[in-house]
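A.B. asks: Handing over structure-v3.cif, mmCIF, C-alpha atoms.
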data_query
#
loop_
_atom_site.group_PDB
_atom_site.id
_atom_site.type_symbol
_atom_site.label_atom_id
_atom_site.label_comp_id
_atom_site.auth_asym_id
_atom_site.auth_seq_id
_atom_site.Cartn_x
_atom_site.Cartn_y
_atom_site.Cartn_z
ATOM 1 C CA MET A 849 -52.601 37.178 30.967
ATOM 2 C CA VAL A 850 -55.772 35.669 29.624
ATOM 3 C CA THR A 851 -54.714 32.021 29.344
ATOM 4 C CA LYS A 852 -51.837 31.707 31.810
ATOM 5 C CA GLN A 853 -54.090 32.698 34.722
ATOM 6 C CA TRP A 854 -56.217 29.525 34.337
ATOM 7 C CA LEU A 855 -53.802 26.860 33.055
ATOM 8 C CA THR A 856 -50.602 25.531 34.576
ATOM 9 C CA GLU A 857 -47.564 25.663 32.281
ATOM 10 C CA ASP A 858 -47.957 21.940 31.412
ATOM 11 C CA GLU A 859 -51.698 22.259 30.773
ATOM 12 C CA ARG A 860 -51.033 25.328 28.642
ATOM 13 C CA GLU A 861 -48.434 23.495 26.553
ATOM 14 C CA ALA A 862 -50.914 20.688 25.831
ATOM 15 C CA TRP A 863 -53.745 23.126 25.043
ATOM 16 C CA VAL A 864 -51.572 25.275 22.751
ATOM 17 C CA ALA A 865 -50.369 22.158 20.887
ATOM 18 C CA LEU A 866 -53.947 20.878 20.530
ATOM 19 C CA THR A 867 -55.331 24.206 19.283
ATOM 20 C CA GLY A 868 -52.396 24.407 16.883
ATOM 21 C CA LEU A 869 -53.429 21.023 15.473
ATOM 22 C CA LEU A 870 -57.085 22.076 15.229
ATOM 23 C CA ILE A 871 -56.121 25.137 13.216
ATOM 24 C CA LYS A 872 -53.301 23.790 11.015
ATOM 25 C CA LEU A 873 -53.871 20.078 10.391
ATOM 26 C CA PRO A 874 -57.312 20.319 8.688
ATOM 27 C CA THR A 875 -55.960 22.955 6.280
ATOM 28 C CA ALA A 876 -52.958 20.732 5.504
ATOM 29 C CA LEU A 877 -55.126 17.614 5.026
ATOM 30 C CA ASP A 878 -57.470 19.551 2.722
ATOM 31 C CA ALA A 879 -54.531 20.849 0.678
ATOM 32 C CA ALA A 880 -52.962 17.373 0.370
ATOM 33 C CA MET A 881 -56.315 15.838 -0.598
ATOM 34 C CA ALA A 882 -57.068 18.599 -3.098
ATOM 35 C CA LYS A 883 -53.752 17.781 -4.748
ATOM 36 C CA ALA A 884 -54.303 13.992 -4.628
ATOM 37 C CA ALA A 885 -57.961 13.856 -5.717
ATOM 38 C CA GLY A 886 -59.521 17.310 -5.957
ATOM 39 C CA LEU A 887 -61.503 16.596 -2.785
ATOM 40 C CA THR A 888 -61.686 18.149 0.673
ATOM 41 C CA TYR A 889 -60.532 15.818 3.441
ATOM 42 C CA PHE A 890 -64.109 15.465 4.706
ATOM 43 C CA GLU A 891 -65.330 14.522 1.204
ATOM 44 C CA TYR A 892 -62.563 11.890 1.055
ATOM 45 C CA LEU A 893 -63.594 10.596 4.498
ATOM 46 C CA VAL A 894 -67.197 10.170 3.308
ATOM 47 C CA LEU A 895 -66.078 8.219 0.217
ATOM 48 C CA ALA A 896 -63.586 6.166 2.264
ATOM 49 C CA MET A 897 -66.194 5.146 4.859
ATOM 50 C CA LEU A 898 -68.509 4.019 2.046
ATOM 51 C CA ALA A 899 -65.638 2.164 0.342
ATOM 52 C CA GLU A 900 -65.093 0.220 3.577
ATOM 53 C CA GLU A 901 -68.563 -1.301 3.127
ATOM 54 C CA GLY A 902 -68.510 -4.251 0.725
ATOM 55 C CA ASP A 903 -71.506 -2.880 -1.173
ATOM 56 C CA GLY A 904 -70.421 0.771 -0.776
ATOM 57 C CA ARG A 905 -73.734 1.543 0.952
ATOM 58 C CA LEU A 906 -74.484 3.172 4.327
ATOM 59 C CA ARG A 907 -77.446 4.836 6.017
ATOM 60 C CA MET A 908 -76.857 8.608 6.025
ATOM 61 C CA SER A 909 -77.320 8.587 9.828
ATOM 62 C CA ILE A 910 -74.604 5.925 10.268
ATOM 63 C CA LEU A 911 -72.316 7.644 7.754
ATOM 64 C CA ALA A 912 -72.689 10.855 9.792
ATOM 65 C CA GLU A 913 -71.509 8.975 12.915
ATOM 66 C CA ARG A 914 -68.594 7.325 11.087
ATOM 67 C CA THR A 915 -67.374 10.694 9.773
ATOM 68 C CA ASN A 916 -68.076 12.558 13.039
ATOM 69 C CA GLY A 917 -70.084 15.046 11.002
ATOM 70 C CA SER A 918 -73.549 16.381 11.709
ATOM 71 C CA LEU A 919 -76.293 14.976 9.481
ATOM 72 C CA SER A 920 -76.870 18.448 7.997
ATOM 73 C CA ARG A 921 -73.172 18.879 7.137
ATOM 74 C CA LEU A 922 -73.075 15.370 5.674
ATOM 75 C CA SER A 923 -76.183 15.954 3.547
ATOM 76 C CA HIS A 924 -74.606 19.100 2.152
ATOM 77 C CA VAL A 925 -71.369 17.281 1.263
ATOM 78 C CA VAL A 926 -73.170 14.237 -0.176
ATOM 79 C CA ARG A 927 -75.201 16.530 -2.431
ATOM 80 C CA ARG A 928 -71.899 17.936 -3.713
ATOM 81 C CA LEU A 929 -70.481 14.444 -4.260
ATOM 82 C CA GLU A 930 -73.719 13.418 -6.024
ATOM 83 C CA LYS A 931 -73.259 16.259 -8.536
ATOM 84 C CA GLN A 932 -69.811 14.800 -9.355
ATOM 85 C CA ASP A 933 -71.332 11.300 -9.746
ATOM 86 C CA LEU A 934 -69.148 9.965 -6.896
ATOM 87 C CA VAL A 935 -72.087 9.042 -4.636
ATOM 88 C CA ARG A 936 -75.792 8.521 -5.176
ATOM 89 C CA ARG A 937 -78.632 8.468 -2.668
ATOM 90 C CA GLU A 938 -81.736 6.323 -2.541
ATOM 91 C CA GLY A 939 -84.471 5.667 -0.020
ATOM 92 C CA ALA A 940 -83.689 2.688 2.236
ATOM 93 C CA PRO A 941 -85.957 -0.144 1.036
ATOM 94 C CA GLU A 942 -86.398 -1.413 4.604
ATOM 95 C CA ASP A 943 -87.291 2.005 6.115
ATOM 96 C CA ARG A 944 -88.963 4.637 4.007
ATOM 97 C CA ARG A 945 -87.902 7.476 6.356
ATOM 98 C CA ALA A 946 -84.211 6.579 5.935
ATOM 99 C CA THR A 947 -81.807 7.361 3.082
ATOM 100 C CA ASN A 948 -78.790 5.341 1.967
ATOM 101 C CA ALA A 949 -75.662 6.848 0.434
ATOM 102 C CA ILE A 950 -74.113 4.580 -2.187
ATOM 103 C CA LEU A 951 -70.604 4.853 -3.612
ATOM 104 C CA THR A 952 -70.616 4.933 -7.426
ATOM 105 C CA GLY A 953 -68.029 3.181 -9.570
ATOM 106 C CA SER A 954 -66.201 6.447 -10.210
ATOM 107 C CA GLY A 955 -66.401 7.248 -6.478
ATOM 108 C CA ARG A 956 -64.723 3.944 -5.647
ATOM 109 C CA HIS A 957 -62.150 4.520 -8.357
ATOM 110 C CA LEU A 958 -61.325 7.999 -7.050
ATOM 111 C CA VAL A 959 -61.009 6.977 -3.388
ATOM 112 C CA GLU A 960 -58.816 3.981 -4.278
ATOM 113 C CA GLN A 961 -56.632 6.186 -6.430
ATOM 114 C CA ALA A 962 -56.324 8.812 -3.657
ATOM 115 C CA ALA A 963 -55.780 6.385 -0.756
ATOM 116 C CA PRO A 964 -52.054 5.634 -1.208
ATOM 117 C CA ALA A 965 -51.000 9.308 -1.318
ATOM 118 C CA HIS A 966 -53.252 9.988 1.677
ATOM 119 C CA ALA A 967 -51.757 7.032 3.548
ATOM 120 C CA ARG A 968 -48.206 8.237 2.900
ATOM 121 C CA TYR A 969 -49.109 11.758 4.017
ATOM 122 C CA VAL A 970 -50.727 10.625 7.275
ATOM 123 C CA ARG A 971 -47.772 8.308 8.001
ATOM 124 C CA ASP A 972 -45.229 11.066 7.289
ATOM 125 C CA ILE A 973 -46.984 13.814 9.270
ATOM 126 C CA VAL A 974 -48.740 11.973 12.108
ATOM 127 C CA ILE A 975 -47.971 8.283 12.595
ATOM 128 C CA ASP A 976 -44.340 7.418 11.889
ATOM 129 C CA GLY A 977 -42.855 10.235 13.990
ATOM 130 C CA THR A 978 -44.994 9.319 17.008
ATOM 131 C CA SER A 979 -44.059 6.562 19.481
ATOM 132 C CA ALA A 980 -46.445 3.641 20.088
ATOM 133 C CA SER A 981 -47.139 4.816 23.631
ATOM 134 C CA ASP A 982 -47.848 8.368 22.447
ATOM 135 C CA LEU A 983 -50.224 6.945 19.804
ATOM 136 C CA SER A 984 -52.160 4.975 22.417
ATOM 137 C CA SER A 985 -52.214 8.079 24.621
ATOM 138 C CA LEU A 986 -53.543 10.096 21.657
ATOM 139 C CA ALA A 987 -56.308 7.527 21.100
ATOM 140 C CA ARG A 988 -57.235 7.639 24.806
ATOM 141 C CA VAL A 989 -57.133 11.453 25.093
ATOM 142 C CA GLY A 990 -59.018 11.988 21.847
ATOM 143 C CA GLN A 991 -61.751 9.493 22.680
ATOM 144 C CA GLY A 992 -62.121 10.992 26.157
ATOM 145 C CA ILE A 993 -62.590 14.499 24.731
ATOM 146 C CA LEU A 994 -65.093 13.207 22.150
ATOM 147 C CA ASP A 995 -67.033 11.401 24.905
ATOM 148 C CA ARG A 996 -67.189 14.563 27.033
ATOM 149 C CA LEU A 997 -68.324 16.601 24.014
ATOM 150 C CA GLU A 998 -71.058 14.009 23.485
ATOM 151 C CA GLU A 999 -72.207 14.257 27.113
ATOM 152 C CA SER A 1000 -72.108 18.067 27.169
ATOM 153 C CA ALA A 1001 -74.156 18.167 23.953
ATOM 154 C CA GLY A 1002 -76.619 15.460 25.029
ATOM 155 C CA MET B 997 -60.638 -1.568 3.177
ATOM 156 C CA VAL B 998 -59.279 1.859 2.451
ATOM 157 C CA THR B 999 -57.799 2.728 5.850
ATOM 158 C CA LYS B 1000 -57.257 -0.668 7.478
ATOM 159 C CA GLN B 1001 -54.854 -1.744 4.759
ATOM 160 C CA TRP B 1002 -52.308 0.933 5.691
ATOM 161 C CA LEU B 1003 -52.718 1.371 9.460
ATOM 162 C CA THR B 1004 -52.346 -1.149 12.273
ATOM 163 C CA GLU B 1005 -55.325 -1.360 14.634
ATOM 164 C CA ASP B 1006 -53.524 0.821 17.221
ATOM 165 C CA GLU B 1007 -52.480 3.397 14.634
ATOM 166 C CA ARG B 1008 -55.997 3.438 13.253
ATOM 167 C CA GLU B 1009 -57.496 4.042 16.706
ATOM 168 C CA ALA B 1010 -55.193 7.043 17.217
ATOM 169 C CA TRP B 1011 -55.882 8.415 13.733
ATOM 170 C CA VAL B 1012 -59.666 8.003 14.072
ATOM 171 C CA ALA B 1013 -59.613 9.738 17.475
ATOM 172 C CA LEU B 1014 -57.480 12.588 16.082
ATOM 173 C CA THR B 1015 -59.678 13.112 13.005
ATOM 174 C CA GLY B 1016 -62.723 13.022 15.297
ATOM 175 C CA LEU B 1017 -61.179 15.864 17.302
ATOM 176 C CA LEU B 1018 -60.326 17.830 14.155
ATOM 177 C CA ILE B 1019 -63.924 17.613 12.976
ATOM 178 C CA LYS B 1020 -65.868 17.993 16.240
ATOM 179 C CA LEU B 1021 -63.817 20.127 18.653
ATOM 180 C CA PRO B 1022 -63.573 23.302 16.517
ATOM 181 C CA THR B 1023 -67.350 23.294 15.999
ATOM 182 C CA ALA B 1024 -67.883 22.862 19.736
ATOM 183 C CA LEU B 1025 -65.369 25.616 20.618
ATOM 184 C CA ASP B 1026 -67.014 27.962 18.104
ATOM 185 C CA ALA B 1027 -70.463 27.235 19.533
ATOM 186 C CA ALA B 1028 -69.290 27.776 23.132
ATOM 187 C CA MET B 1029 -67.516 31.021 22.176
ATOM 188 C CA ALA B 1030 -70.496 32.269 20.164
ATOM 189 C CA LYS B 1031 -72.588 31.784 23.295
ATOM 190 C CA ALA B 1032 -70.011 33.393 25.626
ATOM 191 C CA ALA B 1033 -69.010 36.395 23.494
ATOM 192 C CA GLY B 1034 -70.531 36.259 20.011
ATOM 193 C CA LEU B 1035 -67.108 35.404 18.578
ATOM 194 C CA THR B 1036 -65.654 32.467 16.683
ATOM 195 C CA TYR B 1037 -62.942 30.621 18.594
ATOM 196 C CA PHE B 1038 -60.272 31.955 16.210
ATOM 197 C CA GLU B 1039 -61.510 35.555 16.749
ATOM 198 C CA TYR B 1040 -61.268 34.962 20.503
ATOM 199 C CA LEU B 1041 -57.751 33.552 20.079
ATOM 200 C CA VAL B 1042 -56.672 36.710 18.212
ATOM 201 C CA LEU B 1043 -58.079 38.967 20.950
ATOM 202 C CA ALA B 1044 -56.596 36.756 23.691
ATOM 203 C CA MET B 1045 -53.092 36.808 22.167
ATOM 204 C CA LEU B 1046 -53.258 40.616 21.961
ATOM 205 C CA ALA B 1047 -54.576 40.818 25.555
ATOM 206 C CA GLU B 1048 -51.498 38.863 26.695
ATOM 207 C CA GLU B 1049 -49.341 41.806 25.555
ATOM 208 C CA GLY B 1050 -49.195 44.573 28.156
ATOM 209 C CA ASP B 1051 -49.962 47.222 25.531
ATOM 210 C CA GLY B 1052 -52.350 44.952 23.568
ATOM 211 C CA ARG B 1053 -50.189 45.408 20.465
ATOM 212 C CA LEU B 1054 -48.558 42.851 18.141
ATOM 213 C CA ARG B 1055 -47.112 42.782 14.638
ATOM 214 C CA MET B 1056 -49.609 41.071 12.334
ATOM 215 C CA SER B 1057 -46.851 38.628 11.309
ATOM 216 C CA ILE B 1058 -46.185 37.657 14.948
ATOM 217 C CA LEU B 1059 -49.918 37.477 15.730
ATOM 218 C CA ALA B 1060 -50.289 35.067 12.792
ATOM 219 C CA GLU B 1061 -47.621 32.795 14.320
ATOM 220 C CA ARG B 1062 -49.158 32.991 17.815
ATOM 221 C CA THR B 1063 -52.584 31.989 16.471
ATOM 222 C CA ASN B 1064 -51.201 29.373 14.035
ATOM 223 C CA GLY B 1065 -53.144 31.146 11.299
ATOM 224 C CA SER B 1066 -51.914 32.210 7.882
ATOM 225 C CA LEU B 1067 -51.344 35.947 7.470
ATOM 226 C CA SER B 1068 -54.153 36.097 4.892
ATOM 227 C CA ARG B 1069 -56.632 34.373 7.207
ATOM 228 C CA LEU B 1070 -55.562 36.622 10.073
ATOM 229 C CA SER B 1071 -55.938 39.790 7.992
ATOM 230 C CA HIS B 1072 -59.460 38.721 7.050
ATOM 231 C CA VAL B 1073 -60.418 38.093 10.694
ATOM 232 C CA VAL B 1074 -58.755 41.295 11.957
ATOM 233 C CA ARG B 1075 -60.718 43.304 9.382
ATOM 234 C CA ARG B 1076 -63.898 41.766 10.827
ATOM 235 C CA LEU B 1077 -62.811 42.571 14.395
ATOM 236 C CA GLU B 1078 -61.925 46.119 13.307
ATOM 237 C CA LYS B 1079 -65.485 46.642 12.065
ATOM 238 C CA GLN B 1080 -66.714 45.712 15.564
ATOM 239 C CA ASP B 1081 -64.218 48.163 17.141
ATOM 240 C CA LEU B 1082 -62.484 45.293 18.995
ATOM 241 C CA VAL B 1083 -59.125 45.730 17.255
ATOM 242 C CA ARG B 1084 -57.514 48.505 15.245
ATOM 243 C CA ARG B 1085 -54.532 48.409 12.905
ATOM 244 C CA GLU B 1086 -51.782 50.941 12.356
ATOM 245 C CA GLY B 1087 -48.477 51.021 10.509
ATOM 246 C CA ALA B 1088 -45.550 49.989 12.715
ATOM 247 C CA PRO B 1089 -43.666 53.228 13.475
ATOM 248 C CA GLU B 1090 -40.317 51.383 13.366
ATOM 249 C CA ASP B 1091 -40.947 49.583 10.048
ATOM 250 C CA ARG B 1092 -43.174 51.148 7.418
ATOM 251 C CA ARG B 1093 -43.771 47.799 5.654
ATOM 252 C CA ALA B 1094 -45.164 46.234 8.864
ATOM 253 C CA THR B 1095 -48.612 46.584 10.462
ATOM 254 C CA ASN B 1096 -49.494 46.326 14.138
ATOM 255 C CA ALA B 1097 -52.820 45.018 15.459
ATOM 256 C CA ILE B 1098 -53.921 46.798 18.636
ATOM 257 C CA LEU B 1099 -56.593 45.634 21.060
ATOM 258 C CA THR B 1100 -59.188 48.354 21.725
ATOM 259 C CA GLY B 1101 -60.734 49.002 25.142
ATOM 260 C CA SER B 1102 -63.925 47.208 24.133
ATOM 261 C CA GLY B 1103 -61.809 44.361 22.715
ATOM 262 C CA ARG B 1104 -60.052 43.954 26.053
ATOM 263 C CA HIS B 1105 -63.348 44.169 27.894
ATOM 264 C CA LEU B 1106 -64.914 41.476 25.695
ATOM 265 C CA VAL B 1107 -62.007 39.020 25.931
ATOM 266 C CA GLU B 1108 -61.787 39.438 29.711
ATOM 267 C CA GLN B 1109 -65.523 38.899 30.003
ATOM 268 C CA ALA B 1110 -65.357 35.774 27.802
ATOM 269 C CA ALA B 1111 -62.222 34.243 29.344
ATOM 270 C CA PRO B 1112 -63.756 32.628 32.485
ATOM 271 C CA ALA B 1113 -66.492 30.768 30.572
ATOM 272 C CA HIS B 1114 -63.893 29.688 27.998
ATOM 273 C CA ALA B 1115 -61.545 28.507 30.761
ATOM 274 C CA ARG B 1116 -64.300 26.442 32.387
ATOM 275 C CA TYR B 1117 -65.248 24.905 29.052
ATOM 276 C CA VAL B 1118 -61.675 23.914 28.151
ATOM 277 C CA ARG B 1119 -61.135 22.473 31.650
ATOM 278 C CA ASP B 1120 -64.394 20.488 31.498
ATOM 279 C CA ILE B 1121 -63.917 19.104 27.983
ATOM 280 C CA VAL B 1122 -60.141 18.764 27.595
ATOM 281 C CA ILE B 1123 -57.960 19.290 30.663
ATOM 282 C CA ASP B 1124 -59.567 17.967 33.836
ATOM 283 C CA GLY B 1125 -60.490 14.548 32.415
ATOM 284 C CA THR B 1126 -56.958 13.972 31.072
ATOM 285 C CA SER B 1127 -54.099 12.635 33.182
ATOM 286 C CA ALA B 1128 -50.894 14.669 33.584
ATOM 287 C CA SER B 1129 -48.916 12.102 31.584
ATOM 288 C CA ASP B 1130 -51.506 12.103 28.767
ATOM 289 C CA LEU B 1131 -51.363 15.918 28.745
ATOM 290 C CA SER B 1132 -47.584 15.897 28.349
ATOM 291 C CA SER B 1133 -47.927 13.226 25.658
ATOM 292 C CA LEU B 1134 -50.503 15.419 23.885
ATOM 293 C CA ALA B 1135 -48.125 18.381 23.991
ATOM 294 C CA ARG B 1136 -45.289 16.239 22.589
ATOM 295 C CA VAL B 1137 -47.405 14.596 19.853
ATOM 296 C CA GLY B 1138 -49.060 17.863 18.837
ATOM 297 C CA GLN B 1139 -45.786 19.777 18.643
ATOM 298 C CA GLY B 1140 -44.193 16.960 16.657
ATOM 299 C CA ILE B 1141 -47.013 16.998 14.090
ATOM 300 C CA LEU B 1142 -46.853 20.809 13.846
ATOM 301 C CA ASP B 1143 -43.068 20.650 13.331
ATOM 302 C CA ARG B 1144 -43.441 18.066 10.539
ATOM 303 C CA LEU B 1145 -46.175 20.183 8.901
ATOM 304 C CA GLU B 1146 -43.766 23.118 9.047
ATOM 305 C CA GLU B 1147 -40.968 21.106 7.402
ATOM 306 C CA SER B 1148 -43.231 19.645 4.708
ATOM 307 C CA ALA B 1149 -44.543 23.135 3.876
ATOM 308 C CA GLY B 1150 -41.151 24.837 4.008
#
Would you mind writing the file out in structure tokens?

C.D. replies:
Amino acid sequence: MVTKQWLTEDEREAWVALTGLLIKLPTALDAAMAKAAGLTYFEYLVLAMLAEEGDGRLRMSILAERTNGSLSRLSHVVRRLEKQDLVRREGAPEDRRATNAILTGSGRHLVEQAAPAHARYVRDIVIDGTSASDLSSLARVGQGILDRLEESAG
Amino acid sequence: MVTKQWLTEDEREAWVALTGLLIKLPTALDAAMAKAAGLTYFEYLVLAMLAEEGDGRLRMSILAERTNGSLSRLSHVVRRLEKQDLVRREGAPEDRRATNAILTGSGRHLVEQAAPAHARYVRDIVIDGTSASDLSSLARVGQGILDRLEESAG
């Protein structure tokens, strides 16, 4: 067998569960967010990260880090959000090579309107059914994988 | 703040790590698999699940479950793999409404050639840096989330 030959049964169970999440959860989050706000989950994440800034303003490079997206993917999504008047972009006054993304009034309105349904969904599907120790394990495992991805890319 | 108001700091850490995985790991798996075999990770998963059957043959409906994909997504991918002569489809002899996907010789060759590099990558990024107890926690958390997605969809 192609996978059993290189994973123990326990390792395989963890890997199968993780790949199941990778395939199913994004689709489910996108569907829930489309219903709540007509956005993809990644679009919501971009608006939410901006909304967490008092002035709704972040460097594109920092916004890319906060959303775990590549700068090219983020630029593509921000252009889409700009067309819907949810975000605007302007050159950073303090650095002419840098661009800021700025949440518009309707962007803030939309993300605040979508947040409660999103919160309930995440609690129902992910958080409330998971023990505190499993949540801290998930944080540790996830961060470790992200760190190793970073190293292997760098 | 949009997320802090509805998650405790510990819950937020777990959720941020999980969403980071959802966004970054699939891209990394696709890139590694493109390099190893010119396939997306989901295409590899389809071939690998077929290769785990002695006769390389599975009902499309069962293959969809094994790969956590929807039947429509699977059909789309299998059509692509068919064009590359890696998989073929035929009506199930025992049920004329059902279709079987069958791994071709070149499909088996490709998946067996790609498997070692894939195994090393998964070990390096996910398995080897994670403790046994965190792996069993990951399996438990992941399966729980998948079960709740199933219920909420059904």

A.B. asks: Given the PyMOL selection byres ((chain B) within 7 of (chain A)) and the file above, list the residues it selects as an MDAnalysis selection string.

C.D. replies: chainID B and resid 997:998 1002 1006:1007 1009:1010 1013:1014 1016:1020 1022 1044 1047:1048 1064:1065 1111 1115 1121:1123 1126 1130:1135 1137:1139 1141:1142 1144:1145

A.B. asks: Quick check, in Å to one decimal: how far apart do atom CA of Thr1036 of chain B and atom CA of Arg1076 of chain B lie?

C.D. replies: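 Distance reported for this atom pair: 11.1 Å.
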
A.B. asks: What lies within 6 Å of segment 1083-1097 of chain B using all atoms listed in the file, ignoring chain neighbours under 5 positions off, as a ChimeraX atom specification?

C.D. replies: /B:1053-1056,1077-1078

A.B. asks: Go ahead and dump the residues you just picked, C-alpha atoms, as an mmCIF file, keeping the file's coordinate frame.

C.D. replies:
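As a result, result10.cif now contains:
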data_model
loop_
_atom_site.group_PDB
_atom_site.id
_atom_site.type_symbol
_atom_site.label_atom_id
_atom_site.label_comp_id
_atom_site.auth_asym_id
_atom_site.auth_seq_id
_atom_site.Cartn_x
_atom_site.Cartn_y
_atom_site.Cartn_z
ATOM 1 C CA ARG B 1053 -50.189 45.408 20.465
ATOM 2 C CA LEU B 1054 -48.558 42.851 18.141
ATOM 3 C CA ARG B 1055 -47.112 42.782 14.638
ATOM 4 C CA MET B 1056 -49.609 41.071 12.334
ATOM 5 C CA LEU B 1077 -62.811 42.571 14.395
ATOM 6 C CA GLU B 1078 -61.925 46.119 13.307
#

A.B. asks: Can you work out the spacing between atom CA of Leu1025 of chain B and atom CA of Arg921 of chain A in Å, to one decimal?

C.D. replies: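 For atom CA of Leu1025 of chain B relative to atom CA of Arg921 of chain A, the distance reads 17.0 Å.
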